[in-house]
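Data block below; observations after.
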Amino acid sequence: MEFVFELILELFLEGSMEISKNKKISKWIRYPVLALVVLFFVTVLALIFLVGIMMFSTNILASLFVIGVGLIMLVGTILKFRRMYLEMVNKQKRTA
């Protein structure tokens, strides 16, 4: 069951990122798909930070670790989206 869930989620995320970069697909499809991907990442990061904050009263060290992992994931996500955006802009400049 875990394998099936992982496969479906991976197909959705990777496919959505490829769809959002492809200019041949209509904006009416690309923008909502991109919004869903961003919403997914924001939700996961928010839950990680929420767990870290809720753990603070119980175990401070574990809480700081979870918040640190959340910060690392946040920075990684921002860098990934920035790199995707810059690749898209450079590709447009080359074709124009």
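Going by the structure tokens order, chains are called A, B, ..., each with residues numbered from 1, while ligands are numbered from 1 in the order shown.
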- With a distance cut-off of 8 Å and only C-alpha atoms, select the neighbouring residues of range 73-84 of chain A, excluding the residue or stretch itself and same-chain residues fewer than 5 positions from it, and output the selection as a PyMOL selection string. chain A and resi 21+41+45
- Query: CA of Ala35 in chain A and CA of Phe5 in chain A are how many Å apart?
  - Reply: 21.2 Å
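Residue nearest Ala46 in chain A, chosen from A:Ile19, A:Ile8, A:Leu61, A:Val66 and counting only C-alpha atoms: A:Val66.
Minimum atom-to-atom distances from A:Ser26, A:Thr43, A:Ser20, A:Ser63 to Met88 in chain A were compared using only C-alpha atoms, and the lowest value belongs to A:Ser20.
Here CA of Ser16 in chain A is placed at a distance of 18.1 Å from CA of Val89 in chain A.
Atom pair CA of Val4 in chain A / CA of Gly52 in chain A: separated by 28.5 Å.
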- Distance query Val33 in chain A at most 12 Å, only C-alpha atoms, self and fewer than 2 positions along chain excluded, as JSON, numbers by chain: {"A": [12, 13, 14, 15, 16, 17, 18, 19, 20, 21, 22, 25, 26, 27, 28, 29, 30, 31, 35, 36, 37, 38, 39, 40]}
